[in-house]
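Only one structure is covered here, and it is reproduced in the block below.
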Amino acid sequence: MKEEHQESKRKFFELGIKFGLLATAGTVLASKALDVNKTATGVEELMSTDGTILHVPASEVKEVSLKPEGYNPRVGFPGKKFVMVVDLAKCKNALKCQNACNKGHYITGDNAWLKVYKMQESEKTSPYFMPTQCQHCDKPPCVKVCPVDATFKRQDGIVLIDNERCIGCRFCMAACPYSVRVFNWDEPDQPKEIQDKEYTPDYCGTPSVKGTVDKCDFCPHQIVKGELPFCVKACPNDTFAFGDANEDTVTNGSGQSFKLSKLLKDRAGHRLMEGLGTEPSVYYLPPVENIGDFEEGMKNFNEFESVHKETKS
């Protein structure tokens, strides 16, 4: 029962804390992402925002979507400002994040949107691993240079690419200082059901289009279901945390929630290339007291490189 309560709490954090939903006895909200406990008496257990377990008649629990009425994929979620925190001390280069992202967006090889780099400032400093993806900047240079409004920034801070508008000029790739965009040089190797899937710009890469640019999309298609982005859920070490800066809360894959401002202050959080003025929405915590063995992580790195080379050849 304790494990079931923890799972309910985790799911509630994903829905309630990150997205501002309140579960009360009078107004009960649930989604497919919320795994509530059912009893033989037709009562379901929900957890309120203060941690109180509520016993609610099953008939009162309704499935709702987090998608607001009149939702526009180019506008996003009103009143939200999505951010991600990456704890470099926790990254062991397991590559579960990359694999989950690839699988969730049907991408492979060089076109991976999330890459993990071996970092070492000098021979005398400690090496560490650094996951890097689109920074979803508040002042994105990629948006400024796009001549056809294919790259756009939503009100909730997410930067996306509309493949139906993209003409493949790659101006956005040249403008991005983080080198996190990829170009589909060849016909994407995706299942037919994905190729035939109805296109929407808030689920990038589904389907991908030859001659267009792809990148990390912060998984709005997961957010709308009350779930965390693929990389956050997949990491076995809770390297990532995701949430809403307006609510000052981020949640990791284990369901632990943190006050964003305190976390960044206590752990000396920073953003990449701050001096450029792009104002990224991804924050990094320095690799202090790294929990992973670097050489163990290198084994994963070398295995990945070996498989990748064989695939390309």
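In the structure tokens, the first chain shown is A, the next is B, and so on; residue numbers restart at 1 for each chain, and ligands run from 1 in the order shown.
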Among stretch 56-264 of chain A, which residues carry a DSSP assignment of alpha helix (DSSP H), reported as a ChimeraX atom specification? /A:96-105,141-145,171-175,192-195,220-223,230-234,260-264
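Restricting the calculation to only C-alpha atoms, the smallest distance between A:Cys176 and any of A:Ser261, A:Gln195, A:Thr278, A:Asn102 is found for A:Thr278.
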Mind dumping a table of every stretch 76-193 of chain A residue within 9 Å of stretch 249-259 of chain A, with the nearest atom pair and its distance in Å to one decimal, using only C-alpha atoms, sorted by chain and rising number, as JSON lines?
```
{"residue": "A:Val83", "atom": "CA", "partner": "A:Val250", "partner_atom": "CA", "distance": 7.8}
{"residue": "A:Met84", "atom": "CA", "partner": "A:Val250", "partner_atom": "CA", "distance": 7.5}
{"residue": "A:Val85", "atom": "CA", "partner": "A:Val250", "partner_atom": "CA", "distance": 7.7}
```
Calculated over only C-alpha atoms, which of the candidates A:Arg267, A:Lys67, A:Arg74, A:His105 has the smallest distance to A:Cys219?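 Of all the options, A:His105 lies closest to A:Cys219.
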Ranking A:Ala94, A:Ile107, A:Leu88, A:Val282 by minimum distance to A:Ile194 and counting only C-alpha atoms, which one comes first?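 Between A:Ala94, A:Ile107, A:Leu88, A:Val282, the residue approaching A:Ile194 most closely is A:Ile107.
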What's around A:Asn99 at 10 Å? Count only C-alpha atoms, leave out sequence neighbours fewer than 4 positions away in its own chain, and write the answer as a PyMOL selection string. chain A and resi 94-95+103-105+107-108+112+114+230-231+234-235
Distance query A:Lys215 at most 9 Å, only C-alpha atoms, self and fewer than 6 positions along chain excluded, as a list in words: Asn111, Ala112, Trp113, Leu114, Gln133, Cys134, Leu160, Ile161, Val180, Arg181, Val182, Phe183, Cys204 and Gly205 of chain A
Env of A:Gly157: 9 Å cut, atoms = only C-alpha atoms, seq-sep filter 6 positions within chain, self excluded. Answer as an mmCIF file with N, CA and C atoms, in the first residue's frame.
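Produced file part34.cif, reproduced below:
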```cif
data_model
loop_
_atom_site.group_PDB
_atom_site.id
_atom_site.type_symbol
_atom_site.label_atom_id
_atom_site.label_comp_id
_atom_site.auth_asym_id
_atom_site.auth_seq_id
_atom_site.Cartn_x
_atom_site.Cartn_y
_atom_site.Cartn_z
ATOM 1 N N GLY A 76 0.407 27.731 -27.105
ATOM 2 C CA GLY A 76 0.814 26.984 -25.924
ATOM 3 C C GLY A 76 -0.144 27.095 -24.762
ATOM 4 N N LYS A 80 1.838 29.683 -18.283
ATOM 5 C CA LYS A 80 2.921 28.771 -17.926
ATOM 6 C C LYS A 80 4.256 29.271 -18.472
ATOM 7 N N LYS A 81 5.324 28.873 -17.802
ATOM 8 C CA LYS A 81 6.687 29.152 -18.278
ATOM 9 C C LYS A 81 7.529 27.922 -17.947
ATOM 10 N N PHE A 82 7.624 27.015 -18.919
ATOM 11 C CA PHE A 82 8.268 25.731 -18.675
ATOM 12 C C PHE A 82 9.789 25.856 -18.660
ATOM 13 N N VAL A 83 10.397 25.166 -17.697
ATOM 14 C CA VAL A 83 11.849 25.190 -17.530
ATOM 15 C C VAL A 83 12.343 23.779 -17.214
ATOM 16 N N HIS A 136 15.541 26.316 -25.369
ATOM 17 C CA HIS A 136 14.237 26.997 -25.335
ATOM 18 C C HIS A 136 14.386 28.415 -24.766
ATOM 19 N N CYS A 137 15.185 29.190 -25.477
ATOM 20 C CA CYS A 137 15.555 30.535 -25.023
ATOM 21 C C CYS A 137 14.360 31.492 -24.994
ATOM 22 N N ASP A 138 14.401 32.422 -24.055
ATOM 23 C CA ASP A 138 13.379 33.467 -24.019
ATOM 24 C C ASP A 138 13.612 34.490 -25.126
ATOM 25 N N SER A 281 15.959 28.527 -21.054
ATOM 26 C CA SER A 281 15.028 27.985 -20.065
ATOM 27 C C SER A 281 15.556 26.694 -19.447
#
```
For A:Val209, which residue out of A:Arg165, A:Lys96, A:Lys90, A:Lys144 is the nearest one, using only C-alpha atoms? A:Arg165
Calculated over only C-alpha atoms, which of the candidates A:Leu285, A:Val86, A:Cys91, A:Cys101 has the smallest distance to A:Pro229?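 Smallest separation from A:Pro229 among the options: A:Cys101.
The gap separating atom CA of A:Ile167 from atom CA of A:Glu198 is 19.5 Å, in Å to one decimal.
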My list of candidates is A:Asn237, A:Thr132, A:Asn163, A:Asn246. Which is closest to A:Gly211 when distances are computed with only C-alpha atoms? A:Asn163
Sel. of strand (DSSP E or B) residues, stretch 71-247 of chain A, as a ChimeraX atom specification: /A:82-87,115-119,128-132,151-153,159-161,182-183,213-214,240-244
